[in-house]
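To start, the structure itself, in structure tokens.
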Amino acid sequence: MGRDPSHDILFESVEIGPVTARNRFYQVPQCTGMGVNFPNSWLRHREIKAEGGWGVVCTEECSIHPTSDHSAAPNARLWCDDDLALLARGADAVHAHGALFGVELAHAGKSAANRLTREHALAPSPACYPGVGPYGARAMDLADIRELRIWHREAALRCRTVGADIVYVYCGHDLSTAMQFLCRRYNRRTDAYGGSLENRARLLRELLEDTHDAVGDRCAVALRFAVDELMGEEGLESEAEGRDLVEMLAELPDLWDVNVSAWPNDSGSSRFFDEGYQEDFTAFVKTITSKPRGIAFEELVTFWF
């Protein structure tokens, strides 16, 4: 059976920083609930996708430190060198079928209950979080911010060690410390990390720069970013700020993986959401940056599966 020639681009390779994906079928970071609790299922799930022909296969959120303990929803983890083995097996399994392996590094800030580690949750400013609590998060001081950058950089180095091809900086879904620093309702700071958008974006810029420095020319650096607040509570305060942020960081990531804020809006099924429903909110990104974007057929196709 022949195929529509307009679909041919889906099977063309695409350069993402220093690596090349064999096609445009790109499995974005996807939570399965397996993570470290069901490692063999987690591993086989990713391997099957690579075996089936996907060009890129990514992990779900990969926690970088015990202060971001997602034990309530088991995910990948890179707290220390003891966590390298599973990620290395994942990279090897995906590479065996010719696909690239991506890891989404994540620190959840105020959104991590830390039920197992019992670590105090961290946030830009003091916060109470009723979602899986109630519990409180303490405000991060400058020493905490420096430590967060160290944890993230060390996790990026571990990604490079296990053979990852793409390393994500996560800034979306209200599950990311970097996103919480961007949001005025969470960030009431008066120092260099609060106030103006440039200040609130300082941590995100630093994490991107630190990650580039850690992985060098071995891995691509991707940014997963919620560009718009209008469809939910957990993004930026306005469409204008989302656009300003993309303009501010346009060429810094090797890939922009954009969405529209919280899970209820970003992960809607075809039963309830029209095809391409996010494009009205995300399409502007391709007019600002020359880097691949997970928003348009002609650039990079991302699928939830």
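The way I read the labels, and the way they are meant: chains A, B, ... in the order of the structure tokens, residue 1 as the first residue of every chain, and ligand 1 as the first ligand shown, with later ones counted on from there.
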
For range 101-132 of chain A against range 209-232 of chain A, with a cut-off of 12 Å and counting only C-alpha atoms, what is the closest atom pair and its distance in Å to one decimal for every residue that makes the cut, ordered by chain and number, as CSV?
```
residue,atom,partner,partner_atom,distance
A:Phe101,CA,A:Cys219,CA,9.9
A:Gly102,CA,A:Ala220,CA,8.9
A:Val103,CA,A:Ala222,CA,9.5
A:Glu104,CA,A:Arg224,CA,8.6
A:Leu105,CA,A:Thr211,CA,10.0
A:Ala106,CA,A:Arg224,CA,10.4
```

Please write the residues from the selection above to a file, keeping all heavy atoms, as a compact mmCIF listing (two decimals), in the first residue's frame.
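Result file part_17.txt:
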```txt
# COMPACT_ATOMS: atom_id res chain seq x y z
N PHE A 101 18.01 7.88 22.63
CA PHE A 101 17.48 7.73 23.97
C PHE A 101 17.53 9.07 24.69
O PHE A 101 18.58 9.71 24.77
CB PHE A 101 18.31 6.71 24.75
CG PHE A 101 17.79 6.40 26.13
CD1 PHE A 101 16.56 5.82 26.32
CD2 PHE A 101 18.57 6.70 27.26
CE1 PHE A 101 16.09 5.52 27.60
CE2 PHE A 101 18.11 6.41 28.53
CZ PHE A 101 16.87 5.81 28.71
N GLY A 102 16.37 9.54 25.16
CA GLY A 102 16.29 10.81 25.86
C GLY A 102 15.91 10.64 27.32
O GLY A 102 15.14 9.73 27.66
N VAL A 103 16.44 11.51 28.18
CA VAL A 103 16.14 11.47 29.62
C VAL A 103 15.64 12.85 30.04
O VAL A 103 16.30 13.85 29.78
CB VAL A 103 17.37 11.09 30.45
CG1 VAL A 103 17.02 11.07 31.94
CG2 VAL A 103 17.94 9.74 30.01
N GLU A 104 14.47 12.88 30.69
CA GLU A 104 13.91 14.14 31.16
C GLU A 104 14.27 14.34 32.64
O GLU A 104 13.67 13.72 33.53
CB GLU A 104 12.39 14.16 31.00
CG GLU A 104 11.76 15.47 31.44
CD GLU A 104 10.25 15.48 31.30
OE1 GLU A 104 9.58 14.67 31.97
OE2 GLU A 104 9.74 16.27 30.49
N LEU A 105 15.24 15.19 32.90
CA LEU A 105 15.63 15.49 34.27
C LEU A 105 14.59 16.39 34.91
O LEU A 105 14.14 17.36 34.31
CB LEU A 105 17.00 16.16 34.29
CG LEU A 105 18.16 15.35 33.71
CD1 LEU A 105 19.45 16.12 33.82
CD2 LEU A 105 18.27 13.99 34.38
N ALA A 106 14.21 16.08 36.16
CA ALA A 106 13.12 16.81 36.78
C ALA A 106 13.36 17.00 38.27
O ALA A 106 13.79 16.07 38.97
CB ALA A 106 11.80 16.07 36.56
```

Within 7 Å of Met34 in chain A using only C-alpha atoms, minus same-chain residues under 4 positions, as number ranges by chain: A: 38-39, 41-42, 74-75

Those of range 75-136 of chain A in DSSP helix (DSSP H, G or I), formatted as a ChimeraX atom specification: /A:81-95,109-111

For N, CA and C atoms, I'd like the residues from the last selection saved as a JSON list (two decimals), in the first residue's frame.
```json
[["chain", "number", "residue", "atom", "x", "y", "z"],
["A", 81, "ASP", "N", 24.88, 7.43, 41.82],
["A", 81, "ASP", "CA", 25.42, 6.46, 40.87],
["A", 81, "ASP", "C", 24.73, 5.10, 40.97],
["A", 82, "ASP", "N", 24.09, 4.81, 42.12],
["A", 82, "ASP", "CA", 23.38, 3.54, 42.25],
["A", 82, "ASP", "C", 22.22, 3.44, 41.26],
["A", 83, "ASP", "N", 21.76, 4.58, 40.75],
["A", 83, "ASP", "CA", 20.63, 4.59, 39.82],
["A", 83, "ASP", "C", 21.04, 4.50, 38.36],
["A", 84, "LEU", "N", 22.32, 4.35, 38.10],
["A", 84, "LEU", "CA", 22.79, 4.35, 36.71],
["A", 84, "LEU", "C", 22.39, 3.10, 35.94],
["A", 85, "ALA", "N", 22.32, 1.96, 36.62],
["A", 85, "ALA", "CA", 22.18, 0.69, 35.92],
["A", 85, "ALA", "C", 20.93, 0.63, 35.05],
["A", 86, "LEU", "N", 19.77, 1.01, 35.60],
["A", 86, "LEU", "CA", 18.53, 0.91, 34.83],
["A", 86, "LEU", "C", 18.55, 1.84, 33.64],
["A", 87, "LEU", "N", 19.02, 3.08, 33.83],
["A", 87, "LEU", "CA", 19.08, 4.01, 32.69],
["A", 87, "LEU", "C", 20.04, 3.51, 31.62],
["A", 88, "ALA", "N", 21.15, 2.90, 32.04],
["A", 88, "ALA", "CA", 22.11, 2.36, 31.07],
["A", 88, "ALA", "C", 21.48, 1.22, 30.28],
["A", 89, "ARG", "N", 20.71, 0.37, 30.95],
["A", 89, "ARG", "CA", 20.01, -0.72, 30.25],
["A", 89, "ARG", "C", 19.00, -0.14, 29.26],
["A", 90, "GLY", "N", 18.32, 0.93, 29.67],
["A", 90, "GLY", "CA", 17.36, 1.57, 28.77],
["A", 90, "GLY", "C", 18.03, 2.12, 27.53],
["A", 91, "ALA", "N", 19.16, 2.80, 27.72],
["A", 91, "ALA", "CA", 19.89, 3.36, 26.59],
["A", 91, "ALA", "C", 20.36, 2.26, 25.65],
["A", 92, "ASP", "N", 20.90, 1.18, 26.22],
["A", 92, "ASP", "CA", 21.39, 0.08, 25.38],
["A", 92, "ASP", "C", 20.26, -0.56, 24.59],
["A", 93, "ALA", "N", 19.11, -0.74, 25.24],
["A", 93, "ALA", "CA", 17.98, -1.40, 24.57],
["A", 93, "ALA", "C", 17.45, -0.55, 23.42],
["A", 94, "VAL", "N", 17.35, 0.75, 23.64],
["A", 94, "VAL", "CA", 16.86, 1.65, 22.60],
["A", 94, "VAL", "C", 17.87, 1.77, 21.46],
["A", 95, "HIS", "N", 19.14, 1.89, 21.80],
["A", 95, "HIS", "CA", 20.19, 2.00, 20.78],
["A", 95, "HIS", "C", 20.28, 0.74, 19.92],
["A", 109, "GLY", "N", 10.07, 20.50, 43.00],
["A", 109, "GLY", "CA", 9.84, 21.64, 43.89],
["A", 109, "GLY", "C", 8.70, 21.42, 44.86],
["A", 110, "LYS", "N", 7.76, 22.35, 44.88],
["A", 110, "LYS", "CA", 6.65, 22.29, 45.82],
["A", 110, "LYS", "C", 5.71, 21.12, 45.53],
["A", 111, "SER", "N", 5.79, 20.54, 44.34],
["A", 111, "SER", "CA", 4.87, 19.47, 43.95],
["A", 111, "SER", "C", 5.32, 18.08, 44.38]]
```

Nearest to Lys49 in chain A, restricted to only C-alpha atoms and choosing among A:Val36, A:Leu182, A:Ala99, A:Glu12, comes out as A:Ala99

If we count only C-alpha atoms, what is near range 18-26 of chain A at a cut-off of 7 Å, once residues fewer than 3 positions away on the same chain are taken out, given as a VMD selection string? chain A and resid 10 to 15 54 to 57 100 165 217 to 220 300 to 303

Atoms to include: all heavy atoms. Write the selected residues as a compact mmCIF listing (two decimals), in the first residue's frame.
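Output file again-v3.txt follows:
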```
# COMPACT_ATOMS: atom_id res chain seq x y z
N LEU A 10 7.88 12.60 7.43
CA LEU A 10 7.89 11.91 8.71
C LEU A 10 9.01 10.88 8.79
O LEU A 10 9.45 10.52 9.88
CB LEU A 10 6.55 11.21 8.96
CG LEU A 10 5.30 12.07 8.94
CD1 LEU A 10 4.08 11.20 9.22
CD2 LEU A 10 5.39 13.19 9.95
N PHE A 11 9.47 10.43 7.64
CA PHE A 11 10.48 9.38 7.61
C PHE A 11 11.87 9.92 7.31
O PHE A 11 12.81 9.15 7.13
CB PHE A 11 10.06 8.31 6.58
CG PHE A 11 8.73 7.68 6.90
CD1 PHE A 11 7.56 8.24 6.41
CD2 PHE A 11 8.65 6.57 7.71
CE1 PHE A 11 6.32 7.68 6.72
CE2 PHE A 11 7.42 6.01 8.01
CZ PHE A 11 6.25 6.56 7.53
N GLU A 12 12.00 11.24 7.27
CA GLU A 12 13.30 11.85 7.05
C GLU A 12 14.00 12.09 8.38
O GLU A 12 13.37 12.32 9.41
CB GLU A 12 13.14 13.18 6.32
CG GLU A 12 12.59 13.05 4.92
CD GLU A 12 12.42 14.39 4.24
OE1 GLU A 12 12.81 15.41 4.84
OE2 GLU A 12 11.89 14.41 3.11
N SER A 13 15.32 12.05 8.36
CA SER A 13 16.10 12.29 9.57
C SER A 13 16.05 13.77 9.93
O SER A 13 15.71 14.62 9.10
CB SER A 13 17.55 11.86 9.36
OG SER A 13 18.15 12.64 8.31
N VAL A 14 16.36 14.09 11.19
CA VAL A 14 16.38 15.47 11.65
C VAL A 14 17.52 15.63 12.64
O VAL A 14 17.72 14.78 13.52
CB VAL A 14 15.03 15.89 12.28
CG1 VAL A 14 14.65 14.99 13.45
CG2 VAL A 14 15.05 17.34 12.72
N GLU A 15 18.29 16.70 12.49
CA GLU A 15 19.38 16.97 13.41
C GLU A 15 18.85 17.68 14.65
O GLU A 15 18.08 18.64 14.56
CB GLU A 15 20.44 17.85 12.73
CG GLU A 15 21.20 17.13 11.62
CD GLU A 15 22.31 17.98 11.03
OE1 GLU A 15 22.53 19.11 11.55
OE2 GLU A 15 22.96 17.54 10.08
N TRP A 54 10.43 3.90 16.13
CA TRP A 54 10.49 5.29 16.59
C TRP A 54 11.92 5.83 16.48
O TRP A 54 12.89 5.12 16.78
CB TRP A 54 10.03 5.38 18.04
CG TRP A 54 8.57 5.08 18.23
CD1 TRP A 54 7.97 3.86 18.16
CD2 TRP A 54 7.53 6.02 18.50
NE1 TRP A 54 6.61 3.98 18.39
CE2 TRP A 54 6.31 5.29 18.60
CE3 TRP A 54 7.50 7.40 18.67
CZ2 TRP A 54 5.09 5.90 18.86
CZ3 TRP A 54 6.28 8.01 18.95
CH2 TRP A 54 5.09 7.27 19.03
N GLY A 55 12.02 7.09 16.12
CA GLY A 55 13.35 7.70 15.99
C GLY A 55 13.95 8.10 17.32
O GLY A 55 15.16 8.05 17.50
N VAL A 56 13.10 8.52 18.26
CA VAL A 56 13.54 8.94 19.59
C VAL A 56 12.59 8.36 20.62
O VAL A 56 11.37 8.42 20.45
CB VAL A 56 13.58 10.48 19.73
CG1 VAL A 56 14.06 10.87 21.13
CG2 VAL A 56 14.48 11.10 18.67
N VAL A 57 13.14 7.81 21.69
CA VAL A 57 12.34 7.28 22.79
C VAL A 57 12.88 7.89 24.08
O VAL A 57 14.08 7.79 24.37
CB VAL A 57 12.42 5.75 22.87
CG1 VAL A 57 11.62 5.24 24.06
CG2 VAL A 57 11.92 5.12 21.57
N LEU A 100 17.31 6.99 19.21
CA LEU A 100 17.98 7.82 20.20
C LEU A 100 17.26 7.68 21.54
O LEU A 100 16.05 7.46 21.58
CB LEU A 100 17.98 9.29 19.78
CG LEU A 100 18.67 9.65 18.47
CD1 LEU A 100 18.61 11.16 18.24
CD2 LEU A 100 20.11 9.17 18.45
N ASP A 165 21.26 10.32 24.56
CA ASP A 165 21.50 11.18 23.40
C ASP A 165 20.88 12.56 23.57
O ASP A 165 21.36 13.54 22.99
CB ASP A 165 20.91 10.52 22.14
CG ASP A 165 21.46 9.13 21.92
OD1 ASP A 165 22.64 9.02 21.55
OD2 ASP A 165 20.72 8.16 22.15
N ASP A 217 29.42 18.19 23.60
CA ASP A 217 28.92 17.91 22.26
C ASP A 217 28.48 16.45 22.12
O ASP A 217 28.29 15.96 21.02
CB ASP A 217 29.97 18.24 21.20
CG ASP A 217 31.27 17.45 21.39
OD1 ASP A 217 31.36 16.64 22.35
OD2 ASP A 217 32.20 17.66 20.59
N ARG A 218 28.29 15.78 23.25
CA ARG A 218 27.86 14.38 23.23
C ARG A 218 26.34 14.25 23.14
O ARG A 218 25.81 13.35 22.49
CB ARG A 218 28.39 13.66 24.47
CG ARG A 218 27.79 12.27 24.73
CD ARG A 218 28.12 11.28 23.61
NE ARG A 218 27.43 10.01 23.84
CZ ARG A 218 26.16 9.76 23.51
NH1 ARG A 218 25.44 10.71 22.92
NH2 ARG A 218 25.63 8.58 23.75
N CYS A 219 25.61 15.14 23.83
CA CYS A 219 24.15 15.03 23.90
C CYS A 219 23.49 16.32 23.48
O CYS A 219 24.05 17.41 23.66
CB CYS A 219 23.70 14.72 25.34
SG CYS A 219 24.56 13.37 26.16
N ALA A 220 22.29 16.21 22.95
CA ALA A 220 21.45 17.38 22.71
C ALA A 220 20.78 17.79 24.02
O ALA A 220 20.54 16.96 24.89
CB ALA A 220 20.40 17.07 21.66
N LEU A 300 9.00 18.56 13.52
CA LEU A 300 9.24 17.41 14.39
C LEU A 300 7.90 16.90 14.87
O LEU A 300 7.08 17.66 15.34
CB LEU A 300 10.09 17.84 15.59
CG LEU A 300 10.65 16.72 16.47
CD1 LEU A 300 11.76 15.99 15.75
CD2 LEU A 300 11.16 17.28 17.78
N VAL A 301 7.65 15.63 14.72
CA VAL A 301 6.37 15.08 15.12
C VAL A 301 6.52 14.41 16.48
O VAL A 301 7.39 13.56 16.67
CB VAL A 301 5.87 14.05 14.08
CG1 VAL A 301 4.61 13.36 14.60
CG2 VAL A 301 5.58 14.76 12.77
N THR A 302 5.70 14.78 17.42
CA THR A 302 5.72 14.13 18.72
C THR A 302 4.41 13.39 18.93
O THR A 302 3.35 13.88 18.61
CB THR A 302 5.90 15.15 19.86
OG1 THR A 302 4.83 16.08 19.82
CG2 THR A 302 7.21 15.89 19.71
N PHE A 303 4.52 12.21 19.46
CA PHE A 303 3.34 11.38 19.70
C PHE A 303 3.31 10.93 21.15
O PHE A 303 4.32 10.54 21.69
CB PHE A 303 3.35 10.13 18.82
CG PHE A 303 3.06 10.38 17.38
CD1 PHE A 303 4.08 10.47 16.46
CD2 PHE A 303 1.75 10.51 16.94
CE1 PHE A 303 3.81 10.69 15.12
CE2 PHE A 303 1.48 10.72 15.60
CZ PHE A 303 2.51 10.81 14.69
```

What parts of range 89-203 of chain A does DSSP call strand (DSSP E)? I'd like the answer as a PyMOL selection string. chain A and resi 100-106+121-123+127-129+135-139+166-171

Keeping only N, CA and C atoms, write the selected residues to a file as a compact mmCIF listing (two decimals), in the first residue's frame.
```txt
# COMPACT_ATOMS: atom_id res chain seq x y z
N LEU A 100 17.31 6.99 19.21
CA LEU A 100 17.98 7.82 20.20
C LEU A 100 17.26 7.68 21.54
N PHE A 101 18.01 7.88 22.63
CA PHE A 101 17.48 7.73 23.97
C PHE A 101 17.53 9.07 24.69
N GLY A 102 16.37 9.54 25.16
CA GLY A 102 16.29 10.81 25.86
C GLY A 102 15.91 10.64 27.32
N VAL A 103 16.44 11.51 28.18
CA VAL A 103 16.14 11.47 29.62
C VAL A 103 15.64 12.85 30.04
N GLU A 104 14.47 12.88 30.69
CA GLU A 104 13.91 14.14 31.16
C GLU A 104 14.27 14.34 32.64
N LEU A 105 15.24 15.19 32.90
CA LEU A 105 15.63 15.49 34.27
C LEU A 105 14.59 16.39 34.91
N ALA A 106 14.21 16.08 36.16
CA ALA A 106 13.12 16.81 36.78
C ALA A 106 13.36 17.00 38.27
N ALA A 121 9.92 19.76 51.27
CA ALA A 121 9.70 20.24 49.90
C ALA A 121 10.26 21.65 49.74
N LEU A 122 10.72 21.94 48.53
CA LEU A 122 11.36 23.22 48.23
C LEU A 122 10.50 24.01 47.25
N ALA A 123 10.56 25.34 47.34
CA ALA A 123 9.77 26.20 46.46
C ALA A 123 10.44 27.56 46.36
N ALA A 127 5.06 27.84 50.44
CA ALA A 127 3.84 27.40 49.77
C ALA A 127 3.20 26.25 50.51
N CYS A 128 1.89 26.20 50.46
CA CYS A 128 1.13 25.06 50.95
C CYS A 128 0.55 24.35 49.75
N TYR A 129 0.71 23.03 49.69
CA TYR A 129 0.26 22.28 48.52
C TYR A 129 -0.73 21.21 48.97
N TYR A 135 0.70 19.56 52.74
CA TYR A 135 2.04 19.74 53.28
C TYR A 135 2.55 21.09 52.84
N GLY A 136 3.62 21.55 53.44
CA GLY A 136 4.18 22.85 53.11
C GLY A 136 5.55 22.73 52.49
N ALA A 137 5.88 23.70 51.66
CA ALA A 137 7.21 23.78 51.05
C ALA A 137 7.90 25.04 51.56
N ARG A 138 9.16 24.91 51.89
CA ARG A 138 9.90 26.09 52.37
C ARG A 138 10.55 26.83 51.21
N ALA A 139 10.75 28.12 51.41
CA ALA A 139 11.39 28.94 50.39
C ALA A 139 12.86 28.58 50.26
N ILE A 166 19.79 12.64 24.32
CA ILE A 166 19.08 13.90 24.56
C ILE A 166 18.83 14.02 26.06
N VAL A 167 19.16 15.18 26.61
CA VAL A 167 18.93 15.44 28.03
C VAL A 167 17.98 16.62 28.14
N TYR A 168 16.89 16.41 28.86
CA TYR A 168 15.85 17.43 29.00
C TYR A 168 16.04 18.28 30.24
N VAL A 169 15.75 19.58 30.09
CA VAL A 169 15.47 20.46 31.21
C VAL A 169 13.95 20.61 31.23
N TYR A 170 13.35 20.31 32.37
CA TYR A 170 11.89 20.22 32.47
C TYR A 170 11.33 21.49 33.09
N CYS A 171 10.37 22.13 32.36
CA CYS A 171 9.78 23.38 32.83
C CYS A 171 8.31 23.41 32.42
```

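When only C-alpha atoms are used to measure the gap to Leu116 in chain A, the shortest distance among A:Ala156, A:Ser68, A:His97, A:Pro134 belongs to A:Ser68.
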
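Near Pro29 in chain A, within a cut-off of 6 Å and counting only C-alpha atoms, sit the residues Cys58, Thr59 and Glu60 of chain A, with same-chain residues fewer than 6 positions away left out.
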
Can you write just those residues out, C-alpha atoms, as an mmCIF file, in the first residue's frame?
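Output (part16.cif):
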```
data_model
loop_
_atom_site.group_PDB
_atom_site.id
_atom_site.type_symbol
_atom_site.label_atom_id
_atom_site.label_comp_id
_atom_site.auth_asym_id
_atom_site.auth_seq_id
_atom_site.Cartn_x
_atom_site.Cartn_y
_atom_site.Cartn_z
ATOM 1 C CA CYS A 58 12.431 9.226 26.075
ATOM 2 C CA THR A 59 12.000 8.410 29.730
ATOM 3 C CA GLU A 60 9.338 9.966 31.903
#
```

Just how far from CA of Val246 in chain A is CA of Glu147 in chain A, in Å to one decimal?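 The value is 25.9 Å.
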
Please compute the CA of Gly276 in chain A-CA of Asp174 in chain A distance, one decimal, in Å.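 CA of Gly276 in chain A sits 22.2 Å away from CA of Asp174 in chain A.
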
I want to know what sits within 9 Å of Leu245 in chain A, based on only C-alpha atoms, with residues of the same chain fewer than 2 positions away left out; could you give that as JSON, numbers by chain? {"A": [197, 198, 201, 227, 240, 241, 242, 243, 247, 248, 249, 250]}
